[in-house]
file data02.pdb (PDB, C-alpha atoms and all ligand atoms)
ATOM      1  CA  MET A 286     109.072  78.329 122.804  1.00  0.00           C
ATOM      2  CA  ASP A 287     107.723  76.059 120.098  1.00  0.00           C
ATOM      3  CA  LEU A 288     105.965  78.179 117.502  1.00  0.00           C
ATOM      4  CA  SER A 289     105.713  75.487 114.867  1.00  0.00           C
ATOM      5  CA  HIS A 290     101.945  75.408 115.215  1.00  0.00           C
ATOM      6  CA  LEU A 291     101.905  78.971 113.927  1.00  0.00           C
ATOM      7  CA  ASP A 292     103.289  77.810 110.671  1.00  0.00           C
ATOM      8  CA  LYS A 293     100.393  75.502 109.891  1.00  0.00           C
ATOM      9  CA  LYS A 294      99.417  75.089 106.311  1.00  0.00           C
ATOM     10  CA  TYR A 295      96.111  75.345 104.554  1.00  0.00           C
ATOM     11  CA  PHE A 296      96.833  72.451 102.211  1.00  0.00           C
ATOM     12  CA  ILE A 297      98.933  69.622 103.561  1.00  0.00           C
ATOM     13  CA  ASP A 298      99.034  67.631 100.329  1.00  0.00           C
ATOM     14  CA  ALA A 299      96.822  66.875  97.333  1.00  0.00           C
ATOM     15  CA  HIS A 300      94.214  65.138  99.484  1.00  0.00           C
ATOM     16  CA  LYS A 301      94.391  66.528 103.010  1.00  0.00           C
ATOM     17  CA  TYR A 302      94.052  70.023 104.436  1.00  0.00           C
ATOM     18  CA  ASN A 303      93.286  71.925 107.643  1.00  0.00           C
ATOM     19  CA  CYS A 304      89.630  72.841 107.250  1.00  0.00           C
ATOM     20  CA  PRO A 305      88.920  76.551 107.867  1.00  0.00           C
ATOM     21  CA  PHE A 306      85.280  75.817 108.713  1.00  0.00           C
ATOM     22  CA  CYS A 307      85.161  72.832 111.080  1.00  0.00           C
ATOM     23  CA  LYS A 308      88.806  73.527 112.063  1.00  0.00           C
ATOM     24  CA  ARG A 309      89.694  69.860 111.863  1.00  0.00           C
ATOM     25  CA  ASN A 310      93.289  69.185 110.944  1.00  0.00           C
ATOM     26  CA  HIS A 311      94.416  66.666 108.349  1.00  0.00           C
ATOM     27  CA  VAL A 312      90.900  66.203 107.011  1.00  0.00           C
ATOM     28  CA  SER A 313      90.348  65.000 103.444  1.00  0.00           C
ATOM     29  CA  PHE A 314      88.966  67.359 100.818  1.00  0.00           C
ATOM     30  CA  SER A 315      87.716  67.056  97.248  1.00  0.00           C
ATOM     31  CA  LEU A 316      88.346  69.437  94.412  1.00  0.00           C
ATOM     32  CA  GLN A 317      84.751  70.148  93.582  1.00  0.00           C
ATOM     33  CA  GLN A 318      84.984  72.539  90.676  1.00  0.00           C
ATOM     34  CA  THR A 319      87.606  74.273  88.558  1.00  0.00           C
ATOM     35  CA  THR A 320      87.174  77.204  86.259  1.00  0.00           C
ATOM     36  CA  ASP A 321      89.436  79.849  84.778  1.00  0.00           C
ATOM     37  CA  PHE A 322      89.233  83.410  83.527  1.00  0.00           C
ATOM     38  CA  ASP A 323      91.566  85.978  81.991  1.00  0.00           C
ATOM     39  CA  TRP A 324      93.208  87.897  84.790  1.00  0.00           C
ATOM     40  CA  SER A 325      94.806  90.097  82.153  1.00  0.00           C
ATOM     41  CA  GLU A 326      95.493  89.827  78.447  1.00  0.00           C
ATOM     42  CA  LYS A 327      98.452  87.547  79.028  1.00  0.00           C
ATOM     43  CA  LYS A 328      97.621  85.908  82.330  1.00  0.00           C
ATOM     44  CA  LYS A 329      95.066  83.268  83.189  1.00  0.00           C
ATOM     45  CA  CYS A 330      93.689  82.728  86.630  1.00  0.00           C
ATOM     46  CA  TYR A 331      92.399  79.376  87.838  1.00  0.00           C
ATOM     47  CA  VAL A 332      89.641  79.190  90.408  1.00  0.00           C
ATOM     48  CA  PHE A 333      89.302  76.077  92.536  1.00  0.00           C
ATOM     49  CA  ILE A 334      86.379  75.231  94.766  1.00  0.00           C
ATOM     50  CA  VAL A 335      87.370  72.768  97.462  1.00  0.00           C
ATOM     51  CA  ARG A 336      84.914  70.876  99.648  1.00  0.00           C
ATOM     52  CA  CYS A 337      85.699  69.533 103.112  1.00  0.00           C
ATOM     53  CA  ASN A 338      84.780  65.845 103.269  1.00  0.00           C
ATOM     54  CA  SER A 339      83.946  66.227 106.931  1.00  0.00           C
ATOM     55  CA  CYS A 340      81.705  69.323 107.199  1.00  0.00           C
ATOM     56  CA  GLN A 341      80.890  69.680 103.455  1.00  0.00           C
ATOM     57  CA  ASN A 342      81.630  73.409 103.440  1.00  0.00           C
ATOM     58  CA  GLU A 343      83.318  74.826 100.365  1.00  0.00           C
ATOM     59  CA  SER A 344      86.226  77.244 100.117  1.00  0.00           C
ATOM     60  CA  LEU A 345      87.446  79.238  97.123  1.00  0.00           C
ATOM     61  CA  HIS A 346      91.059  79.468  95.911  1.00  0.00           C
ATOM     62  CA  PHE A 347      92.765  81.513  93.192  1.00  0.00           C
ATOM     63  CA  CYS A 348      95.949  80.457  91.419  1.00  0.00           C
ATOM     64  CA  TYR A 349      97.815  81.623  88.302  1.00  0.00           C
ATOM     65  CA  GLU A 350      98.614  78.038  87.286  1.00  0.00           C
ATOM     66  CA  ASP A 351      96.563  74.982  86.600  1.00  0.00           C
ATOM     67  CA  ILE A 352      97.921  72.804  89.381  1.00  0.00           C
ATOM     68  CA  ARG A 353      95.696  69.808  88.676  1.00  0.00           C
ATOM     69  CA  ALA A 354      97.275  66.453  87.919  1.00  0.00           C
ATOM     70  CA  THR A 355      96.768  65.148  84.382  1.00  0.00           C
ATOM     71  CA  ASP A 356      95.717  61.687  83.217  1.00  0.00           C
ATOM     72  CA  PHE A 357      97.577  59.681  80.569  1.00  0.00           C
ATOM     73  CA  HIS A 358      95.819  61.639  77.789  1.00  0.00           C
ATOM     74  CA  GLY A 359      97.135  64.850  79.309  1.00  0.00           C
ATOM     75  CA  SER A 360      93.655  65.996  80.401  1.00  0.00           C
ATOM     76  CA  PRO A 361      93.292  67.548  83.832  1.00  0.00           C
ATOM     77  CA  THR A 362      91.884  65.353  86.610  1.00  0.00           C
ATOM     78  CA  SER A 363      89.937  66.476  89.666  1.00  0.00           C
ATOM     79  CA  TYR A 364      93.007  66.206  91.911  1.00  0.00           C
ATOM     80  CA  PHE A 365      95.851  68.580  92.604  1.00  0.00           C
ATOM     81  CA  ARG A 366      99.323  67.440  91.575  1.00  0.00           C
ATOM     82  CA  ASP A 367     101.243  65.379  94.107  1.00  0.00           C
ATOM     83  CA  LYS A 368     104.363  66.660  95.853  1.00  0.00           C
ATOM     84  CA  LEU A 369     103.398  70.278  95.323  1.00  0.00           C
ATOM     85  CA  ASP A 370     103.426  73.056  97.919  1.00  0.00           C
ATOM     86  CA  ILE A 371      99.819  74.044  97.189  1.00  0.00           C
ATOM     87  CA  ASP A 372      99.825  76.954  99.676  1.00  0.00           C
ATOM     88  CA  SER A 373     102.658  78.635  97.820  1.00  0.00           C
ATOM     89  CA  LYS A 374     100.650  78.517  94.575  1.00  0.00           C
ATOM     90  CA  MET A 375      97.387  79.986  95.846  1.00  0.00           C
ATOM     91  CA  PHE A 376      97.431  83.777  95.990  1.00  0.00           C
ATOM     92  CA  PHE A 377      93.972  84.257  97.399  1.00  0.00           C
ATOM     93  CA  SER A 378      91.674  82.043  99.482  1.00  0.00           C
ATOM     94  CA  GLN A 379      88.309  82.584 101.076  1.00  0.00           C
ATOM     95  CA  PRO A 380      88.104  81.888 104.010  1.00  0.00           C
ATOM     96  CA  SER A 381      91.572  83.308 104.245  1.00  0.00           C
ATOM     97  CA  SER A 382      92.912  81.035 106.916  1.00  0.00           C
ATOM     98  CA  PHE A 383      92.576  77.691 108.658  1.00  0.00           C
ATOM     99  CA  PHE A 384      92.634  79.584 111.906  1.00  0.00           C
ATOM    100  CA  ALA A 385      89.388  81.535 111.493  1.00  0.00           C
ATOM    101  CA  LEU A 386      89.221  84.064 114.292  1.00  0.00           C
ATOM    102  CA  ASP A 387      86.863  83.480 117.180  1.00  0.00           C
ATOM    103  CA  GLU A 388      84.034  85.963 117.683  1.00  0.00           C
ATOM    104  CA  ARG A 389      85.111  86.614 121.254  1.00  0.00           C
ATOM    105  CA  ILE A 390      88.048  88.604 119.872  1.00  0.00           C
ATOM    106  CA  PRO A 391      86.986  92.284 119.497  1.00  0.00           C
ATOM    107  CA  ARG A 392      85.483  92.918 116.067  1.00  0.00           C
ATOM    108  CA  GLU A 393      87.681  95.895 115.097  1.00  0.00           C
ATOM    109  CA  ILE A 394      90.817  93.849 115.796  1.00  0.00           C
ATOM    110  CA  ARG A 395      89.491  90.855 113.875  1.00  0.00           C
ATOM    111  CA  GLU A 396      88.675  92.989 110.840  1.00  0.00           C
ATOM    112  CA  LEU A 397      92.183  94.434 110.736  1.00  0.00           C
ATOM    113  CA  ILE A 398      93.746  90.975 110.946  1.00  0.00           C
ATOM    114  CA  PHE A 399      91.574  89.739 108.097  1.00  0.00           C
ATOM    115  CA  GLU A 400      92.452  92.746 105.988  1.00  0.00           C
ATOM    116  CA  SER A 401      96.123  92.208 106.612  1.00  0.00           C
ATOM    117  CA  GLU A 402      95.851  88.528 105.778  1.00  0.00           C
ATOM    118  CA  LYS A 403      93.999  89.151 102.532  1.00  0.00           C
ATOM    119  CA  ALA A 404      96.542  91.757 101.486  1.00  0.00           C
ATOM    120  CA  ARG A 405      99.371  89.323 102.206  1.00  0.00           C
ATOM    121  CA  GLN A 406      97.732  86.617 100.134  1.00  0.00           C
ATOM    122  CA  ALA A 407      97.349  89.005  97.220  1.00  0.00           C
ATOM    123  CA  ASN A 408     101.044  89.895  97.711  1.00  0.00           C
ATOM    124  CA  LEU A 409     100.267  93.513  98.616  1.00  0.00           C
ATOM    125  CA  LEU A 410     103.021  93.533 101.216  1.00  0.00           C
ATOM    126  CA  VAL A 411     103.180  97.239 102.109  1.00  0.00           C
ATOM    127  CA  GLY A 412      99.443  97.294 102.756  1.00  0.00           C
ATOM    128  CA  ALA A 413      99.557  94.063 104.727  1.00  0.00           C
ATOM    129  CA  SER A 414     102.478  95.303 106.878  1.00  0.00           C
ATOM    130  CA  ALA A 415     100.812  98.652 107.582  1.00  0.00           C
ATOM    131  CA  CYS A 416      97.563  96.956 108.450  1.00  0.00           C
ATOM    132  CA  LEU A 417      99.215  94.555 110.847  1.00  0.00           C
ATOM    133  CA  ARG A 418     101.000  97.421 112.626  1.00  0.00           C
ATOM    134  CA  LYS A 419      97.658  99.125 112.952  1.00  0.00           C
ATOM    135  CA  THR A 420      96.190  95.938 114.413  1.00  0.00           C
ATOM    136  CA  ILE A 421      98.774  95.878 117.179  1.00  0.00           C
ATOM    137  CA  TYR A 422      98.332  99.569 117.875  1.00  0.00           C
ATOM    138  CA  GLU A 423      94.538  99.282 118.005  1.00  0.00           C
ATOM    139  CA  LEU A 424      94.865  96.321 120.357  1.00  0.00           C
ATOM    140  CA  LEU A 425      96.929  98.455 122.738  1.00  0.00           C
ATOM    141  CA  VAL A 426      94.356 101.257 122.502  1.00  0.00           C
ATOM    142  CA  TYR A 427      91.449  98.843 122.978  1.00  0.00           C
ATOM    143  CA  GLU A 428      93.002  97.479 126.161  1.00  0.00           C
ATOM    144  CA  LYS A 429      93.925 101.001 127.311  1.00  0.00           C
ATOM    145  CA  VAL A 430      97.566 100.061 127.871  1.00  0.00           C
ATOM    146  CA  VAL A 431      99.248 102.654 125.656  1.00  0.00           C
ATOM    147  CA  ILE A 432     102.147 104.304 127.450  1.00  0.00           C
ATOM    148  CA  LYS A 433     103.401 107.544 125.954  1.00  0.00           C
ATOM    149  CA  ASN A 434     107.013 108.554 125.787  1.00  0.00           C
ATOM    150  CA  GLU A 435     107.230 111.772 127.805  1.00  0.00           C
ATOM    151  CA  LYS A 436     109.754 113.390 125.501  1.00  0.00           C
ATOM    152  CA  THR A 437     108.207 112.621 122.132  1.00  0.00           C
ATOM    153  CA  GLY A 438     104.586 112.374 123.240  1.00  0.00           C
ATOM    154  CA  ARG A 439     104.282 109.271 121.079  1.00  0.00           C
ATOM    155  CA  ALA A 440     103.280 105.799 122.146  1.00  0.00           C
ATOM    156  CA  ASP A 441     106.168 103.773 123.510  1.00  0.00           C
ATOM    157  CA  TYR A 442     105.543 100.452 121.874  1.00  0.00           C
ATOM    158  CA  GLN A 443     107.845  98.309 124.064  1.00  0.00           C
ATOM    159  CA  ALA A 444     106.474  99.756 127.311  1.00  0.00           C
ATOM    160  CA  SER A 445     102.882  99.418 126.103  1.00  0.00           C
ATOM    161  CA  ILE A 446     103.360  95.745 125.208  1.00  0.00           C
ATOM    162  CA  LYS A 447     104.863  95.182 128.674  1.00  0.00           C
ATOM    163  CA  ASN A 448     101.813  96.846 130.132  1.00  0.00           C
ATOM    164  CA  LEU A 449      99.560  94.539 128.125  1.00  0.00           C
ATOM    165  CA  LYS A 450     101.566  91.558 129.321  1.00  0.00           C
ATOM    166  CA  SER A 451     101.019  92.455 132.982  1.00  0.00           C
ATOM    167  CA  LYS A 452      97.298  92.944 132.332  1.00  0.00           C
ATOM    168  CA  PHE A 453      96.935  89.429 130.852  1.00  0.00           C
ATOM    169  CA  GLN A 454      98.903  87.332 133.287  1.00  0.00           C
ATOM    170  CA  SER A 455      97.226  84.072 132.324  1.00  0.00           C
ATOM    171  CA  VAL A 456      98.684  84.339 128.813  1.00  0.00           C
ATOM    172  CA  ALA A 457     102.127  82.812 128.185  1.00  0.00           C
ATOM    173  CA  PRO A 458     104.511  85.786 128.547  1.00  0.00           C
ATOM    174  CA  GLU A 459     106.588  84.435 125.633  1.00  0.00           C
ATOM    175  CA  LEU A 460     103.838  85.485 123.233  1.00  0.00           C
ATOM    176  CA  PHE A 461     104.013  89.133 124.301  1.00  0.00           C
ATOM    177  CA  ASP A 462     107.804  88.985 124.410  1.00  0.00           C
ATOM    178  CA  ALA A 463     107.841  87.737 120.830  1.00  0.00           C
ATOM    179  CA  LEU A 464     105.547  90.593 119.768  1.00  0.00           C
ATOM    180  CA  GLY A 465     107.719  93.047 121.679  1.00  0.00           C
ATOM    181  CA  ASP A 466     110.812  91.690 119.945  1.00  0.00           C
ATOM    182  CA  ILE A 467     109.541  92.696 116.531  1.00  0.00           C
ATOM    183  CA  GLN A 468     111.558  95.884 116.489  1.00  0.00           C
ATOM    184  CA  GLU A 469     110.107  97.246 113.272  1.00  0.00           C
ATOM    185  CA  LEU A 470     106.732  97.466 114.986  1.00  0.00           C
ATOM    186  CA  ALA A 471     108.037 100.451 116.952  1.00  0.00           C
ATOM    187  CA  SER A 472     105.420 103.140 117.098  1.00  0.00           C
ATOM    188  CA  ASP A 473     107.720 105.864 115.714  1.00  0.00           C
ATOM    189  CA  ASN A 474     107.443 104.237 112.323  1.00  0.00           C
ATOM    190  CA  VAL A 475     103.689 103.972 112.641  1.00  0.00           C
ATOM    191  CA  HIS A 476     103.446 107.719 113.003  1.00  0.00           C
ATOM    192  CA  GLU A 477     105.838 108.553 110.237  1.00  0.00           C
ATOM    193  CA  GLY A 478     104.167 106.248 107.805  1.00  0.00           C
ATOM    194  CA  SER A 479     107.540 105.476 106.218  1.00  0.00           C
ATOM    195  CA  TRP A 480     107.063 101.770 106.348  1.00  0.00           C
ATOM    196  CA  GLU A 481     109.302  99.138 104.987  1.00  0.00           C
ATOM    197  CA  ALA A 482     107.215  96.195 103.878  1.00  0.00           C
ATOM    198  CA  TRP A 483     107.939  92.896 105.586  1.00  0.00           C
ATOM    199  CA  ASP A 484     108.528  89.976 103.282  1.00  0.00           C
ATOM    200  CA  SER A 485     105.780  87.434 102.937  1.00  0.00           C
ATOM    201  CA  PRO A 486     107.121  84.647 105.234  1.00  0.00           C
ATOM    202  CA  LYS A 487     107.887  87.150 107.992  1.00  0.00           C
ATOM    203  CA  LEU A 488     104.465  88.726 107.635  1.00  0.00           C
ATOM    204  CA  ARG A 489     102.845  85.343 107.788  1.00  0.00           C
ATOM    205  CA  PHE A 490     104.708  84.554 110.965  1.00  0.00           C
ATOM    206  CA  ILE A 491     103.784  87.852 112.650  1.00  0.00           C
ATOM    207  CA  ILE A 492     100.137  87.490 111.617  1.00  0.00           C
ATOM    208  CA  GLU A 493      99.978  83.974 113.069  1.00  0.00           C
ATOM    209  CA  LEU A 494     101.791  85.107 116.207  1.00  0.00           C
ATOM    210  CA  THR A 495      99.273  87.930 116.674  1.00  0.00           C
ATOM    211  CA  LYS A 496      96.368  85.550 116.141  1.00  0.00           C
ATOM    212  CA  ALA A 497      97.752  83.064 118.650  1.00  0.00           C
ATOM    213  CA  THR A 498      98.148  85.876 121.199  1.00  0.00           C
ATOM    214  CA  LEU A 499      94.584  87.108 120.611  1.00  0.00           C
ATOM    215  CA  HIS A 500      93.298  83.559 121.002  1.00  0.00           C
ATOM    216  CA  GLU A 501      95.065  83.221 124.345  1.00  0.00           C
ATOM    217  CA  MET A 502      93.796  86.627 125.510  1.00  0.00           C
ATOM    218  CA  TYR A 503      90.127  86.406 124.574  1.00  0.00           C
ATOM    219  CA  VAL A 504      89.185  82.805 123.834  1.00  0.00           C
ATOM    220  CA  VAL A 505      91.074  80.552 126.234  1.00  0.00           C
ATOM    221  CA  PRO A 506      89.877  82.291 129.466  1.00  0.00           C
ATOM    222  CA  GLU A 507      86.239  82.122 128.281  1.00  0.00           C
ATOM    223  CA  GLU A 508      86.584  78.445 127.434  1.00  0.00           C
ATOM    224  CA  ARG A 509      88.051  77.835 130.873  1.00  0.00           C
ATOM    225  CA  LYS A 510      85.060  79.596 132.466  1.00  0.00           C
ATOM    226  CA  GLU A 511      82.687  77.424 130.437  1.00  0.00           C
ATOM    227  CA  ARG A 512      84.481  74.277 131.548  1.00  0.00           C
ATOM    228  CA  LEU A 513      84.363  75.369 135.193  1.00  0.00           C
ATOM    229  CA  GLY A 514      80.651  76.180 134.863  1.00  0.00           C
ATOM    230  CA  LEU A 515      80.086  72.706 133.468  1.00  0.00           C
ATOM    231  CA  LEU A 516      82.053  71.220 136.318  1.00  0.00           C
ATOM    232  CA  GLY A 517      79.825  73.085 138.802  1.00  0.00           C
ATOM    233  CA  GLN A 518      76.721  71.679 137.112  1.00  0.00           C
ATOM    234  CA  MET A 519      78.135  68.165 137.186  1.00  0.00           C
ATOM    235  CA  LYS A 520      78.998  68.510 140.862  1.00  0.00           C
ATOM    236  CA  SER A 521      75.511  69.664 141.831  1.00  0.00           C
ATOM    237  CA  ALA A 522      73.926  66.948 139.669  1.00  0.00           C
ATOM    238  CA  PHE A 523      76.172  64.422 141.376  1.00  0.00           C
ATOM    239  CA  SER A 524      75.362  65.615 144.901  1.00  0.00           C
ATOM    240  CA  ASN A 525      71.619  65.639 144.043  1.00  0.00           C
ATOM    241  CA  SER A 526      71.735  62.052 142.855  1.00  0.00           C
ATOM    242  CA  LYS A 527      73.732  61.114 145.946  1.00  0.00           C
ATOM    243  CA  SER A 528      71.161  62.675 148.283  1.00  0.00           C
ATOM    244  CA  THR A 529      68.257  61.011 146.462  1.00  0.00           C
ATOM    245  CA  SER A 530      70.004  57.636 146.576  1.00  0.00           C
ATOM    246  CA  SER A 531      70.726  58.019 150.291  1.00  0.00           C
ATOM    247  CA  LYS A 532      67.079  58.936 150.780  1.00  0.00           C
ATOM    248  CA  ASN A 533      66.150  55.752 148.950  1.00  0.00           C
ATOM    249  CA  GLU A 534      68.437  53.866 151.292  1.00  0.00           C
ATOM    250  CA  GLU A 535      66.627  55.309 154.301  1.00  0.00           C
ATOM    251  CA  GLU A 536      63.213  54.414 152.833  1.00  0.00           C
ATOM    252  CA  LYS A 537      64.212  50.761 152.454  1.00  0.00           C
TER     253      LYS A 537
HETATM  254 ZN    ZN A 601      85.417  70.987 107.458  1.00  0.00          ZN
END
call {"tool": "encode", "arguments": {"input": "data02.pdb", "output": "structure tokens", "more": "lines below"}}
Ligand SMILES: [Zn+2]
result
Amino acid sequence: MDLSHLDKKYFIDAHKYNCPFCKRNHVSFSLQQTTDFDWSEKKKCYVFIVRCNSCQNESLHFCYEDIRATDFHGSPTSYFRDKLDIDSKMFFSQPSSFFALDERIPREIRELIFESEKARQANLLVGASACLRKTIYELLVYEKVVIKNEKTGRADYQASIKNLKSKFQSVAPELFDALGDIQELASDNVHEGSWEAWDSPKLRFIIELTKATLHEMYVVPEERKERLGLLGQMKSAFSNSKSTSSKNEEEK
């Protein structure tokens, strides 16, 4: 399965990004405003406000370095430096992701995902990992698919995910399989609270995987319904116009 779309970036280069508001990819942005403040006695923090040139909405980004390009006098310009992995420099962004979650996804699940994402961006990896595990567990509870292990009385994570998979048969099974393959998600650990933090790239991947799964579960079927509803309207409009035109034929 191709999961490369999960690894999408916020900033593609110094001029293009994936807009978190209008959700257009490869759209141009302008660095609208830059300011800085003292994060601590020895550390400065730079704050960048970026505006989408398509929808005009502005996002906020925090960075410990001034990543603007400089002119020949050495003064900062209103562009980021070229050939820089901008995403890796920003430690906090609002909105937190290009893939803002659709409101059709249950609110409690959305809030947990956001919390996990914010924690990851601030490099609070234990918190982000714990929060993501909770997201998955709450999703299983929300869909009433939790299967308990008879011996331990605890949720059997693998069996519950399988249960979820059979409940959502229109969703690509690979997505659930991938979630099920994340061994460290096992519910035993959730109960013990002795969590090992995932590293940042792995966390990012699991967060994006979870979001893609949620999108397939709650958004895609609704969009399909809307399209079919539209098709029904078009059909009836078409048959109406056909009957009026045939009437006209008869009147002639
Ligand atoms: Zn936009």
call {"tool": "resolve_selection", "arguments": {"input": "data02.pdb", "expression": "the PyMOL selection byres (((chain A and resi 420) around 9) and not hetatm)", "output": "ChimeraX atom specification"}}
result
/A:393-398,401,415-419,421-425,495
call {"tool": "residues_near_ligand", "arguments": {"input": "data02.pdb", "ligand": "ligand ZN 601 (chain A)", "cutoff": "8 Å", "atoms": "all atoms listed in the file", "output": "number ranges by chain"}}
result
A: 303-309, 312, 336-342
call {"tool": "write_last_selection", "arguments": {"input": "data02.pdb", "atoms": "C-alpha atoms", "output": "JSON list (two decimals), keeping the file's coordinate frame"}}
result
[["chain", "number", "residue", "atom", "x", "y", "z"],
["A", 303, "ASN", "CA", 93.29, 71.92, 107.64],
["A", 304, "CYS", "CA", 89.63, 72.84, 107.25],
["A", 305, "PRO", "CA", 88.92, 76.55, 107.87],
["A", 306, "PHE", "CA", 85.28, 75.82, 108.71],
["A", 307, "CYS", "CA", 85.16, 72.83, 111.08],
["A", 308, "LYS", "CA", 88.81, 73.53, 112.06],
["A", 309, "ARG", "CA", 89.69, 69.86, 111.86],
["A", 312, "VAL", "CA", 90.90, 66.20, 107.01],
["A", 336, "ARG", "CA", 84.91, 70.88, 99.65],
["A", 337, "CYS", "CA", 85.70, 69.53, 103.11],
["A", 338, "ASN", "CA", 84.78, 65.84, 103.27],
["A", 339, "SER", "CA", 83.95, 66.23, 106.93],
["A", 340, "CYS", "CA", 81.70, 69.32, 107.20],
["A", 341, "GLN", "CA", 80.89, 69.68, 103.46],
["A", 342, "ASN", "CA", 81.63, 73.41, 103.44]]
call {"tool": "atom_distance", "arguments": {"input": "data02.pdb", "atom1": "atom CA of Ala444 of chain A", "atom2": "atom CA of Ala404 of chain A"}}
result
28.8 Å
call {"tool": "closest_residue", "arguments": {"input": "data02.pdb", "among": "A:Phe377, A:Phe357, A:Tyr349, A:Trp324", "to": "Tyr295 of chain A", "atoms": "all atoms listed in the file"}}
result
A:Phe377
call {"tool": "resolve_selection", "arguments": {"input": "data02.pdb", "expression": "the PyMOL selection byres (((chain A and resi 482) around 6) and not hetatm)", "output": "list in words"}}
result
Leu410, Val411, Ser414, Glu481 and Trp483 of chain A
call {"tool": "write_last_selection", "arguments": {"input": "data02.pdb", "atoms": "C-alpha atoms", "output": "compact mmCIF listing (two decimals), in the coordinates of the input"}}
result
# COMPACT_ATOMS: atom_id res chain seq x y z
CA LEU A 410 103.02 93.53 101.22
CA VAL A 411 103.18 97.24 102.11
CA SER A 414 102.48 95.30 106.88
CA GLU A 481 109.30 99.14 104.99
CA TRP A 483 107.94 92.90 105.59
call {"tool": "residues_around", "arguments": {"input": "data02.pdb", "residues": "Ile390 of chain A", "least_positions_apart": "3", "cutoff": "7 Å", "atoms": "all atoms listed in the file", "output": "VMD selection string"}}
result
chain A and resid 387 395 499 503
call {"tool": "atom_distance", "arguments": {"input": "data02.pdb", "atom1": "atom CA of Ser455 of chain A", "atom2": "atom CA of Glu507 of chain A"}}
result
11.9 Å
call {"tool": "atom_distance", "arguments": {"input": "data02.pdb", "atom1": "atom CA of Glu350 of chain A", "atom2": "atom CA of Tyr331 of chain A"}}
result
6.4 Å
call {"tool": "residues_around", "arguments": {"input": "data02.pdb", "residues": "Ser360 of chain A", "least_positions_apart": "6", "cutoff": "12 Å", "atoms": "all atoms listed in the file", "output": "NGL selection string"}}
result
:A and (351 or 353-354)
call {"tool": "build_atoms", "arguments": {"input": "data02.pdb", "residues": "segment 440-451 of chain A", "atoms": "N, CA, C and O atoms", "output": "compact mmCIF listing (two decimals), in the frame of the given file"}}
result
# COMPACT_ATOMS: atom_id res chain seq x y z
N ALA A 440 103.42 107.06 121.42
CA ALA A 440 103.28 105.80 122.15
C ALA A 440 104.62 105.08 122.20
O ALA A 440 105.34 105.01 121.21
N ASP A 441 104.96 104.59 123.36
CA ASP A 441 106.17 103.77 123.51
C ASP A 441 105.72 102.32 123.37
O ASP A 441 105.11 101.75 124.26
N TYR A 442 106.05 101.77 122.22
CA TYR A 442 105.54 100.45 121.87
C TYR A 442 106.00 99.37 122.86
O TYR A 442 105.18 98.60 123.37
N GLN A 443 107.31 99.35 123.16
CA GLN A 443 107.84 98.31 124.06
C GLN A 443 107.17 98.37 125.44
O GLN A 443 106.75 97.36 125.98
N ALA A 444 107.07 99.59 125.98
CA ALA A 444 106.47 99.76 127.31
C ALA A 444 104.99 99.39 127.30
O ALA A 444 104.47 98.79 128.24
N SER A 445 104.31 99.72 126.20
CA SER A 445 102.88 99.42 126.10
C SER A 445 102.64 97.91 126.05
O SER A 445 101.71 97.40 126.67
N ILE A 446 103.48 97.21 125.30
CA ILE A 446 103.36 95.74 125.21
C ILE A 446 103.60 95.13 126.59
O ILE A 446 102.91 94.21 127.01
N LYS A 447 104.58 95.67 127.32
CA LYS A 447 104.86 95.18 128.67
C LYS A 447 103.65 95.38 129.57
O LYS A 447 103.31 94.53 130.40
N ASN A 448 103.01 96.51 129.39
CA ASN A 448 101.81 96.85 130.13
C ASN A 448 100.69 95.84 129.84
O ASN A 448 99.99 95.37 130.74
N LEU A 449 100.57 95.51 128.56
CA LEU A 449 99.56 94.54 128.12
C LEU A 449 99.85 93.17 128.75
O LEU A 449 98.95 92.47 129.22
N LYS A 450 101.13 92.84 128.76
CA LYS A 450 101.57 91.56 129.32
C LYS A 450 101.17 91.45 130.79
O LYS A 450 100.71 90.41 131.24
N SER A 451 101.35 92.55 131.55
CA SER A 451 101.02 92.46 132.98
C SER A 451 99.51 92.45 133.20
O SER A 451 99.02 91.96 134.21
